[in-house]
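Participant: This one is coords_5.txt, compact mmCIF, C-alpha atoms and all ligand atoms.
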# COMPACT_ATOMS: atom_id res chain seq x y z
CA MET A 1 -16.08 -29.32 -17.67
CA LEU A 2 -19.03 -28.16 -15.53
CA ARG A 3 -18.27 -30.93 -13.04
CA ARG A 4 -14.67 -29.71 -12.61
CA VAL A 5 -15.78 -26.13 -12.05
CA ALA A 6 -18.37 -27.28 -9.51
CA CYS A 7 -15.60 -29.11 -7.61
CA TRP A 8 -13.73 -26.00 -6.60
CA MET A 9 -16.95 -24.25 -5.72
CA GLN A 10 -17.33 -26.66 -2.79
CA PRO A 11 -15.30 -26.10 0.40
CA SER A 12 -14.03 -29.71 0.51
CA PRO A 13 -13.04 -31.86 -2.46
CA ALA A 14 -15.60 -34.51 -1.57
CA CYS A 15 -16.79 -35.07 -5.12
CA GLY A 16 -13.93 -37.42 -6.01
CA CYS A 17 -12.55 -35.44 -8.92
CA ARG A 18 -8.88 -34.43 -9.31
CA ALA A 19 -7.39 -32.07 -6.75
CA PRO A 20 -7.11 -28.49 -8.00
CA VAL A 21 -3.82 -27.42 -9.53
CA LEU A 22 -1.76 -24.46 -8.43
CA PRO A 23 -1.51 -21.32 -10.59
CA SER A 24 1.30 -21.54 -13.14
CA ARG A 25 3.75 -19.12 -11.49
CA PHE A 26 4.21 -21.60 -8.64
CA LEU A 27 6.12 -23.80 -11.02
CA GLY A 28 9.17 -21.61 -11.56
CA THR A 29 10.72 -22.67 -14.86
CA SER A 30 8.72 -25.88 -15.18
CA PRO A 31 5.76 -25.84 -17.55
CA ARG A 32 4.07 -28.69 -15.63
CA GLN A 33 1.19 -28.14 -13.27
CA ILE A 34 1.50 -30.01 -9.98
CA PRO A 35 -1.60 -31.33 -8.16
CA MET A 36 -2.22 -29.77 -4.76
CA ASP A 37 -2.05 -33.20 -3.11
CA ALA A 38 1.52 -33.80 -4.37
CA ASN A 39 2.66 -33.21 -0.78
CA PHE A 40 6.12 -31.91 -1.63
CA HIS A 41 5.99 -29.51 1.33
CA SER A 42 4.99 -32.13 3.87
CA THR A 43 5.96 -31.81 7.54
CA SER A 44 5.96 -34.41 10.30
CA PHE A 45 3.22 -34.37 12.96
CA LEU A 46 5.68 -33.12 15.57
CA GLU A 47 6.84 -30.23 13.38
CA ALA A 48 3.25 -29.27 12.58
CA ASP A 49 2.66 -28.36 16.26
CA GLN A 50 5.41 -25.76 16.25
CA GLN A 51 4.37 -22.83 14.10
CA ARG A 52 6.97 -20.71 12.34
CA VAL A 53 5.45 -17.30 11.80
CA LEU A 54 6.17 -14.43 9.40
CA ILE A 55 4.58 -10.99 9.81
CA THR A 56 4.75 -8.66 6.79
CA GLY A 57 4.52 -4.88 7.21
CA GLY A 58 5.39 -5.46 10.84
CA LEU A 59 6.71 -2.02 11.76
CA GLY A 60 3.36 -0.25 11.53
CA GLN A 61 0.84 0.46 14.26
CA LEU A 62 -0.09 -3.18 14.83
CA GLY A 63 2.82 -5.41 13.79
CA VAL A 64 5.20 -5.02 16.73
CA GLY A 65 2.36 -5.68 19.19
CA LEU A 66 1.35 -8.74 17.18
CA ALA A 67 4.93 -10.05 17.21
CA ASN A 68 5.21 -9.61 20.99
CA PHE A 69 1.86 -11.32 21.48
CA LEU A 70 2.66 -14.27 19.18
CA ARG A 71 6.14 -14.69 20.66
CA LYS A 72 4.52 -15.42 24.03
CA ARG A 73 2.57 -18.21 22.35
CA PHE A 74 5.13 -19.68 19.92
CA GLY A 75 8.52 -18.62 21.33
CA LYS A 76 10.62 -15.59 20.48
CA ASP A 77 12.65 -17.15 17.67
CA ASN A 78 9.62 -18.63 15.91
CA VAL A 79 8.05 -15.28 15.05
CA ILE A 80 9.81 -13.19 12.40
CA LEU A 81 8.89 -9.57 11.96
CA SER A 82 9.51 -8.05 8.53
CA ASP A 83 9.15 -4.71 6.79
CA ILE A 84 10.89 -2.46 4.24
CA ARG A 85 11.77 0.07 6.94
CA LYS A 86 14.67 0.05 9.39
CA PRO A 87 13.52 -1.20 12.79
CA PRO A 88 14.11 0.87 15.93
CA GLU A 89 16.71 -0.65 18.24
CA HIS A 90 14.29 -2.00 20.84
CA VAL A 91 12.35 -3.84 18.11
CA PHE A 92 15.52 -5.16 16.47
CA LEU A 93 16.73 -6.50 19.81
CA SER A 94 13.39 -8.02 20.79
CA GLY A 95 13.41 -10.91 18.28
CA PRO A 96 14.09 -11.90 14.66
CA PHE A 97 13.67 -9.10 12.12
CA ILE A 98 14.15 -9.44 8.38
CA TYR A 99 13.85 -7.17 5.31
CA SER A 100 10.91 -8.16 3.16
CA ASP A 101 9.32 -6.22 0.31
CA ILE A 102 6.02 -7.86 -0.53
CA LEU A 103 6.31 -6.55 -4.08
CA ASP A 104 9.33 -8.84 -4.56
CA TYR A 105 7.86 -12.31 -5.02
CA LYS A 106 11.18 -14.17 -5.04
CA ASN A 107 12.36 -12.42 -1.87
CA LEU A 108 9.12 -13.41 -0.16
CA ARG A 109 9.43 -17.02 -1.33
CA GLU A 110 13.06 -17.22 -0.19
CA ILE A 111 12.11 -16.01 3.29
CA VAL A 112 9.27 -18.51 3.57
CA VAL A 113 11.47 -21.39 2.39
CA ASN A 114 14.64 -20.55 4.34
CA ASN A 115 12.75 -20.00 7.57
CA ARG A 116 10.31 -22.89 7.11
CA ILE A 117 7.35 -20.56 7.67
CA THR A 118 3.98 -22.20 8.43
CA TRP A 119 1.78 -19.18 9.30
CA LEU A 120 1.83 -15.80 7.61
CA PHE A 121 0.22 -12.63 8.97
CA HIS A 122 0.05 -10.15 6.12
CA TYR A 123 -0.02 -6.64 7.61
CA SER A 124 1.62 -4.56 4.84
CA ALA A 125 -0.78 -1.97 3.47
CA LEU A 126 -1.36 1.70 2.76
CA LEU A 127 -4.28 2.82 4.93
CA SER A 128 -7.31 4.86 3.91
CA ALA A 129 -6.04 8.46 4.04
CA VAL A 130 -2.48 7.82 2.77
CA GLY A 131 -3.94 5.54 0.11
CA GLU A 132 -6.04 8.40 -1.30
CA ALA A 133 -2.89 10.56 -1.33
CA ASN A 134 -0.96 7.93 -3.33
CA VAL A 135 -3.34 5.73 -5.27
CA SER A 136 -0.80 4.02 -7.52
CA LEU A 137 1.41 2.99 -4.59
CA ALA A 138 -1.65 1.83 -2.64
CA ARG A 139 -2.77 -0.21 -5.64
CA ALA A 140 0.67 -1.81 -5.93
CA VAL A 141 1.16 -2.60 -2.23
CA ASN A 142 -2.43 -3.51 -1.38
CA ILE A 143 -3.29 -5.46 -4.54
CA THR A 144 -0.11 -6.65 -6.30
CA GLY A 145 1.53 -7.30 -2.93
CA LEU A 146 -1.47 -9.33 -1.84
CA HIS A 147 -1.24 -11.46 -5.01
CA ASN A 148 2.38 -12.32 -4.15
CA VAL A 149 1.43 -13.23 -0.61
CA LEU A 150 -1.50 -15.40 -1.74
CA ASP A 151 0.67 -17.28 -4.23
CA VAL A 152 3.51 -17.91 -1.79
CA ALA A 153 1.03 -19.02 0.87
CA ALA A 154 -0.77 -21.39 -1.50
CA GLU A 155 2.48 -22.80 -2.89
CA HIS A 156 3.90 -23.59 0.55
CA GLY A 157 0.71 -24.68 2.29
CA LEU A 158 0.72 -21.79 4.78
CA ARG A 159 -2.14 -20.68 6.96
CA LEU A 160 -2.65 -17.06 5.92
CA PHE A 161 -4.15 -14.20 7.90
CA VAL A 162 -5.02 -10.98 6.06
CA PRO A 163 -6.78 -8.20 7.97
CA SER A 164 -9.65 -6.39 6.31
CA THR A 165 -11.37 -3.33 7.71
CA ILE A 166 -14.57 -1.41 8.30
CA GLY A 167 -13.27 0.49 5.24
CA ALA A 168 -14.26 -2.45 3.03
CA PHE A 169 -17.82 -1.07 3.17
CA GLY A 170 -19.17 2.04 1.48
CA PRO A 171 -22.06 4.49 1.41
CA THR A 172 -24.48 1.95 -0.07
CA SER A 173 -23.78 -0.64 2.66
CA PRO A 174 -26.12 -0.75 5.66
CA ARG A 175 -24.24 1.36 8.23
CA ASN A 176 -25.98 0.79 11.53
CA PRO A 177 -25.29 -2.03 11.99
CA THR A 178 -23.19 -3.44 9.13
CA PRO A 179 -23.51 -7.23 8.78
CA ASP A 180 -20.84 -9.59 7.38
CA LEU A 181 -22.64 -10.12 4.12
CA CYS A 182 -24.07 -7.06 2.41
CA ILE A 183 -23.35 -4.63 -0.43
CA GLN A 184 -19.66 -3.63 -0.45
CA ARG A 185 -18.97 -0.67 -2.71
CA PRO A 186 -16.21 1.29 -0.93
CA ARG A 187 -15.10 4.60 -2.45
CA THR A 188 -11.41 4.48 -1.39
CA ILE A 189 -8.57 2.57 -3.03
CA TYR A 190 -7.91 1.12 0.45
CA GLY A 191 -11.46 -0.22 0.68
CA VAL A 192 -11.47 -1.52 -2.89
CA SER A 193 -8.17 -3.34 -2.27
CA LYS A 194 -9.52 -4.89 0.93
CA VAL A 195 -12.69 -6.16 -0.76
CA HIS A 196 -10.37 -7.59 -3.40
CA ALA A 197 -8.30 -9.28 -0.67
CA GLU A 198 -11.40 -10.78 0.95
CA LEU A 199 -12.64 -12.16 -2.37
CA MET A 200 -9.24 -13.40 -3.59
CA GLY A 201 -8.56 -15.13 -0.27
CA GLU A 202 -11.93 -16.82 -0.39
CA TYR A 203 -11.36 -17.78 -4.03
CA TYR A 204 -7.97 -19.34 -3.21
CA TYR A 205 -9.61 -21.23 -0.36
CA TYR A 206 -12.22 -22.81 -2.62
CA ARG A 207 -9.97 -23.13 -5.68
CA TYR A 208 -6.64 -24.24 -4.15
CA GLY A 209 -7.50 -25.17 -0.56
CA LEU A 210 -5.52 -22.22 0.87
CA ASP A 211 -6.26 -21.85 4.60
CA PHE A 212 -7.14 -18.15 4.34
CA ARG A 213 -8.54 -16.37 7.40
CA CYS A 214 -9.58 -12.74 7.55
CA LEU A 215 -11.03 -10.37 10.14
CA ARG A 216 -12.48 -6.97 9.38
CA TYR A 217 -10.92 -4.80 12.06
CA PRO A 218 -12.59 -1.63 13.36
CA GLY A 219 -10.33 1.40 14.01
CA ILE A 220 -7.61 0.08 16.32
CA ILE A 221 -6.43 2.11 19.31
CA SER A 222 -2.94 1.48 20.63
CA ALA A 223 -0.90 3.20 23.31
CA ASP A 224 2.71 2.52 22.36
CA SER A 225 2.54 2.70 18.54
CA GLN A 226 1.51 5.42 16.13
CA PRO A 227 -1.23 5.03 13.49
CA GLY A 228 -0.10 4.89 9.86
CA GLY A 229 -2.37 7.41 8.10
CA GLY A 230 -5.96 6.31 8.45
CA THR A 231 -9.33 7.89 9.09
CA THR A 232 -9.61 6.58 12.66
CA ASP A 233 -6.19 7.96 13.71
CA TYR A 234 -7.79 10.75 15.77
CA ALA A 235 -8.88 8.19 18.38
CA VAL A 236 -5.23 7.35 19.04
CA GLN A 237 -3.79 10.86 18.88
CA ILE A 238 -6.39 12.38 21.23
CA PHE A 239 -4.87 10.62 24.26
CA HIS A 240 -1.34 11.73 23.57
CA GLU A 241 -2.46 15.34 23.15
CA ALA A 242 -4.79 15.26 26.17
CA VAL A 243 -1.93 14.30 28.47
CA LYS A 244 0.77 16.40 26.81
CA ASN A 245 -1.10 19.63 26.02
CA GLY A 246 -4.56 19.36 27.57
CA ARG A 247 -6.15 20.08 24.19
CA PHE A 248 -6.75 18.37 20.87
CA GLU A 249 -7.75 19.48 17.37
CA CYS A 250 -9.93 16.76 15.85
CA ASN A 251 -10.06 16.26 12.06
CA LEU A 252 -13.52 14.62 12.10
CA LYS A 253 -16.86 16.19 13.02
CA PRO A 254 -17.95 15.69 16.65
CA ASP A 255 -20.86 13.38 15.73
CA THR A 256 -18.92 10.99 13.43
CA ARG A 257 -19.65 7.53 14.80
CA LEU A 258 -17.19 4.72 13.96
CA PRO A 259 -16.52 1.22 15.33
CA MET A 260 -13.30 1.01 17.39
CA MET A 261 -11.28 -1.56 19.35
CA TYR A 262 -8.37 -1.60 21.77
CA ILE A 263 -5.29 -3.29 20.34
CA ASP A 264 -5.17 -6.09 22.93
CA ASP A 265 -8.63 -7.27 21.86
CA CYS A 266 -7.62 -7.02 18.19
CA LEU A 267 -4.48 -9.13 18.62
CA ARG A 268 -6.30 -11.72 20.71
CA ALA A 269 -9.06 -11.99 18.09
CA THR A 270 -6.40 -12.47 15.42
CA LEU A 271 -4.77 -15.39 17.22
CA GLU A 272 -8.14 -16.87 18.17
CA VAL A 273 -9.40 -16.99 14.60
CA MET A 274 -6.09 -18.45 13.44
CA GLU A 275 -6.33 -21.19 16.08
CA ALA A 276 -10.04 -21.86 15.56
CA PRO A 277 -10.78 -25.38 14.30
CA ALA A 278 -11.51 -25.25 10.58
CA GLU A 279 -14.92 -26.84 11.09
CA SER A 280 -16.01 -23.97 13.37
CA LEU A 281 -15.54 -21.39 10.61
CA SER A 282 -18.66 -20.97 8.50
CA MET A 283 -16.99 -18.08 6.66
CA ARG A 284 -13.47 -16.99 5.78
CA THR A 285 -13.99 -13.27 6.58
CA TYR A 286 -15.61 -12.05 9.80
CA ASN A 287 -16.52 -8.65 11.22
CA ILE A 288 -15.21 -8.14 14.77
CA ASN A 289 -16.30 -5.34 17.05
CA ALA A 290 -15.85 -3.94 20.53
CA MET A 291 -17.33 -0.42 20.83
CA SER A 292 -18.58 2.44 18.74
CA PHE A 293 -18.27 6.14 19.59
CA THR A 294 -18.07 9.68 18.21
CA PRO A 295 -15.25 12.19 18.83
CA ALA A 296 -17.61 14.12 21.15
CA GLU A 297 -18.35 10.98 23.20
CA LEU A 298 -14.67 10.11 23.40
CA ALA A 299 -13.79 13.67 24.48
CA GLN A 300 -16.51 13.50 27.15
CA GLU A 301 -14.97 10.34 28.56
CA VAL A 302 -11.48 11.89 28.54
CA LEU A 303 -12.87 14.96 30.35
CA LYS A 304 -13.80 12.76 33.32
CA HIS A 305 -10.06 12.22 33.89
CA VAL A 306 -8.59 15.47 32.52
CA PRO A 307 -11.05 18.21 33.62
CA GLU A 308 -9.19 21.00 31.80
CA PHE A 309 -9.22 19.08 28.48
CA GLN A 310 -10.39 21.08 25.42
CA VAL A 311 -11.30 19.77 21.96
CA THR A 312 -11.65 21.87 18.84
CA TYR A 313 -12.71 20.69 15.41
CA ASN A 314 -10.92 21.40 12.14
CA VAL A 315 -12.48 18.95 9.71
CA ASP A 316 -10.34 17.29 7.04
CA PRO A 317 -12.75 16.89 4.10
CA VAL A 318 -11.01 13.76 2.74
CA ARG A 319 -11.12 11.91 6.05
CA GLN A 320 -14.65 13.15 6.82
CA ALA A 321 -15.99 11.89 3.47
CA ILE A 322 -14.38 8.52 4.11
CA ALA A 323 -15.75 8.29 7.65
CA ASP A 324 -19.24 9.25 6.46
CA SER A 325 -19.22 6.25 4.12
CA TRP A 326 -18.08 3.71 6.73
CA PRO A 327 -20.08 1.61 9.20
CA MET A 328 -21.28 3.31 12.38
CA ASN A 329 -21.80 0.02 14.20
CA PHE A 330 -20.44 -3.36 13.26
CA ASP A 331 -22.46 -6.58 13.55
CA ASP A 332 -20.00 -9.27 14.64
CA SER A 333 -22.56 -11.88 15.73
CA ASN A 334 -21.14 -14.54 13.37
CA ALA A 335 -17.67 -14.30 14.96
CA ARG A 336 -19.26 -14.54 18.42
CA LYS A 337 -21.34 -17.55 17.38
CA ASP A 338 -18.77 -19.49 15.30
CA TRP A 339 -15.51 -19.20 17.23
CA GLY A 340 -16.56 -17.55 20.50
CA TRP A 341 -15.30 -14.00 19.87
CA LYS A 342 -15.81 -11.70 22.87
CA HIS A 343 -14.19 -8.32 23.42
CA ASP A 344 -12.84 -7.34 26.86
CA ILE A 345 -12.37 -3.57 26.64
CA ASP A 346 -15.18 -1.01 26.40
CA LEU A 347 -14.92 2.79 26.22
CA PRO A 348 -14.36 3.54 29.96
CA GLU A 349 -11.53 0.94 30.31
CA LEU A 350 -10.04 2.07 27.00
CA VAL A 351 -9.81 5.66 28.18
CA THR A 352 -8.34 4.73 31.57
CA THR A 353 -5.76 2.42 29.97
CA MET A 354 -4.68 4.96 27.35
CA LEU A 355 -4.47 7.88 29.78
CA ASN A 356 -2.53 5.79 32.30
CA PHE A 357 -0.02 4.81 29.63
CA HIS A 358 0.50 8.34 28.32
CA GLY A 359 0.42 9.79 31.85
CA SER A 360 3.24 7.56 33.02
CA GLU A 361 5.19 8.17 29.78
CA ASN A 362 4.82 11.89 30.34
CA ARG A 363 5.96 11.67 33.96
CA VAL A 364 9.03 9.67 32.89
CA ALA A 365 9.81 12.26 30.16
CA GLN A 366 9.44 15.14 32.64
CA ALA A 367 11.65 13.42 35.21
CA ASN A 368 14.47 12.95 32.66
N1 LIG B 401 -4.63 0.20 12.37
C1 LIG B 401 -5.93 0.06 12.16
O1 LIG B 401 -6.77 0.78 12.74
C2 LIG B 401 -6.41 -0.98 11.21
C3 LIG B 401 -5.54 -1.76 10.48
N2 LIG B 401 -6.03 -2.69 9.60
C4 LIG B 401 -5.11 -3.47 8.80
O2 LIG B 401 -4.10 -4.05 9.62
C5 LIG B 401 -2.87 -4.07 8.91
C6 LIG B 401 -1.80 -3.41 9.75
O3 LIG B 401 -2.22 -2.07 9.98
P1 LIG B 401 -1.25 -0.97 10.59
O4 LIG B 401 -0.17 -1.58 11.37
O5 LIG B 401 -2.14 0.02 11.23
O6 LIG B 401 -0.66 -0.32 9.25
P2 LIG B 401 0.53 0.73 9.11
O7 LIG B 401 0.21 1.63 7.98
O8 LIG B 401 0.84 1.34 10.43
O9 LIG B 401 1.75 -0.22 8.71
C7 LIG B 401 1.84 -0.83 7.45
C8 LIG B 401 3.27 -1.29 7.23
O10 LIG B 401 3.37 -1.79 5.89
C9 LIG B 401 4.69 -1.53 5.45
N3 LIG B 401 4.81 -1.61 4.00
C10 LIG B 401 4.48 -0.68 3.07
N4 LIG B 401 4.86 -1.09 1.84
C11 LIG B 401 5.44 -2.31 1.99
C12 LIG B 401 6.04 -3.24 1.10
N5 LIG B 401 6.14 -3.00 -0.21
N6 LIG B 401 6.52 -4.40 1.61
C13 LIG B 401 6.44 -4.65 2.94
N7 LIG B 401 5.89 -3.82 3.83
C14 LIG B 401 5.39 -2.65 3.37
C15 LIG B 401 4.98 -0.12 5.98
O11 LIG B 401 6.37 0.13 6.01
C16 LIG B 401 4.31 -0.15 7.34
O12 LIG B 401 5.24 -0.44 8.37
C17 LIG B 401 -3.12 -3.39 7.57
O13 LIG B 401 -3.33 -4.38 6.58
C18 LIG B 401 -4.39 -2.61 7.79
O14 LIG B 401 -5.14 -2.48 6.62
C19 LIG B 401 -7.36 -2.88 9.40
C20 LIG B 401 -8.26 -2.11 10.09
C21 LIG B 401 -7.87 -1.17 11.09
C1 LIG B 402 -10.07 1.48 10.03
C2 LIG B 402 -8.85 1.34 9.22
O1 LIG B 402 -8.78 0.46 8.40
C3 LIG B 402 -7.73 2.30 9.39
N1 LIG B 402 -7.48 2.63 10.75
C4 LIG B 402 -8.02 3.57 8.62
O2 LIG B 402 -8.63 4.46 9.24
O3 LIG B 402 -7.70 3.62 7.42
Re-express the file's structure as structure tokens.
Ligand SMILES: NC(=O)C1=CN([C@@H]2O[C@H](COP(=O)(O)OP(=O)(O)OC[C@H]3O[C@@H](n4cnc5c(N)ncnc54)[C@H](O)[C@@H]3O)[C@@H](O)[C@H]2O)C=CC1
Ligand SMILES: CC(=O)[C@H](N)C(=O)O
Facilitator:
Amino acid sequence: MLRRVACWMQPSPACGCRAPVLPSRFLGTSPRQIPMDANFHSTSFLEADQQRVLITGGLGQLGVGLANFLRKRFGKDNVILSDIRKPPEHVFLSGPFIYSDILDYKNLREIVVNNRITWLFHYSALLSAVGEANVSLARAVNITGLHNVLDVAAEHGLRLFVPSTIGAFGPTSPRNPTPDLCIQRPRTIYGVSKVHAELMGEYYYYRYGLDFRCLRYPGIISADSQPGGGTTDYAVQIFHEAVKNGRFECNLKPDTRLPMMYIDDCLRATLEVMEAPAESLSMRTYNINAMSFTPAELAQEVLKHVPEFQVTYNVDPVRQAIADSWPMNFDDSNARKDWGWKHDIDLPELVTTMLNFHGSENRVAQAN
């Protein structure tokens, strides 16, 4: 018995004992358990080169950008965006879109089978602030939904990417900097569900051989998509308001320091870790980082381009309490060492890029 348990505690089944079996719900109506090496989902070598990708929760801040990015790599028709919301026309016309509710296991399985999916990027989630406003929904989507995704991925031999977050740490974690491995006792349902995702993914890797890969993202800043209800949202909204109104009311205190990243770096990191050779990964979950700033520092940088810009502060106590428990700086040295992670965009380039985007949008809007 002890020998069997020890087998799935090792990353590779080198000990010569039986391959691990899949959890029982993989078997549909059959009571039998099928060994993982049964190979009933085998693909030819040629097919294995051409990934077929599914993105869940793809209509949020990050999913459409990820789809565009992956379509350049794998071809438009090989990347399917999915969500429970109705896509805007430009997204619907830009490539395959499908309805997928991650709480519906059979629907998820049908999509994976019918589309011969090989890689799954699991983006569906309720973020930190909306999660606190609706804990039971956050628990369902972020935890039960994850279980469905893990099972489908393990059953069909998918490579699975699940993003985690700086929010997976809490007030008892070291905050400046926060290493990959340390105490994780988050105080939000979002953070708790992400720690759960990290641990379950790692467990499925050791137990069932699931190729689970996970990055802890900092707050992500994007120009052409809106944030979905998080604590770091201010760092996206500030640019829109600076260009449109010349002023911004910030819901965090001026000295609240958080790790942040421009979306292009985030999406590149995501593809890089998915393409990294398995032997280069010493862990299944990595911190990634680019920059770290406070609202006051960000406002100062914006002021260099918009001299009349004014910031006021009207602190949201829920978001402030969350931010005060999160990392201030993120230690991503393992990602840099293992698979060569390197960010491109620092604060000055971020501000120029964001203001240029919103400036040109504004000029187009005024001209029309
Ligand atoms: N945006 C950020 O700053 C960061 C994001 N992340 C993670 O990256 C992922 C993507 O983030 P965002 O795009 O910002 O999130 P978002 O909140 O903007 O989008 C999440 C999407 O999930 C969908 N969704 C909700 N319930 C669903 C269900 N039952 N079935 C299928 N889809 C459902 C929503 O309709 C929404 O389009 C999330 O897992 C998030 O935790 C991690 C750290 C930072
Ligand atoms: C950092 C995140 O995970 C997200 N943007 C949030 O603020 O909830």
Participant: Could you jot down the CA of Pro259 (chain A) to CA of Ile345 (chain A) separation for me, Å, one decimal place?
Facilitator: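 Rounded to one decimal, the two atoms are 13.0 Å apart.
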Participant: Just want the 7 Å neighbourhood of region 281-294 of chain A, counted on all atoms listed in the file, with same-chain residues fewer than 2 positions away dropped. Output as an MDAnalysis selection string.
Facilitator: chainID A and resid 180 198 202 212:218 254:261 278:279 296:298 328:332 335 338:339 343 346:347
Participant: Using only C-alpha atoms and all ligand atoms, which residues of the polymer chains come no farther than 7 Å from ligand LIG 401 (chain B)? I'd like the answer as an MDAnalysis selection string.
Facilitator: chainID A and resid 56:63 83:85 100:103 122:127 141 145 162:166 216:221 227:229 232
Participant: Separation of CA of Lys304 (chain A) and CA of Asn251 (chain A), in Å?
Facilitator: 21.9 Å
Participant: Which residues, written as a count of residues only, have at least one atom at most 7 Å from Ser173 (chain A), with all atoms listed in the file counted and residues fewer than 3 positions away on the same chain left out?
Facilitator: 5
Participant: Give me, as a list in words, all polymer residues having an atom no more than 9 Å from Gly167 (chain A), counting only C-alpha atoms and skipping those fewer than 3 positions away in the same chain.
Facilitator: Ser128, Ser164, Gly170, Pro186, Arg187, Thr188, Tyr190, Gly191, Val192, Lys194, Val195, Arg216, Tyr217, Pro218, Ile322, Ala323, Ser325, Trp326 and Pro327 of chain A
Participant: Could you check the closest approach to ligand LIG 402 (chain B) for each of A:Ile143, A:Ile117, A:Leu108, A:Ile189 and tell me which residue wins, using only C-alpha atoms and all ligand atoms?
Facilitator: A:Ile189
Participant: Using only C-alpha atoms, find the one residue out of A:Asn68, A:Asn78, A:Thr353, A:Asn142 that sits nearest to Asn115 (chain A).
Facilitator: A:Asn78
Participant: Tell me which of A:Lys253, A:Glu132, A:Val79, A:Thr270 sits closest to Phe161 (chain A), counting only C-alpha atoms.
Facilitator: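 Result for the nearest residue to Phe161 (chain A): A:Thr270.
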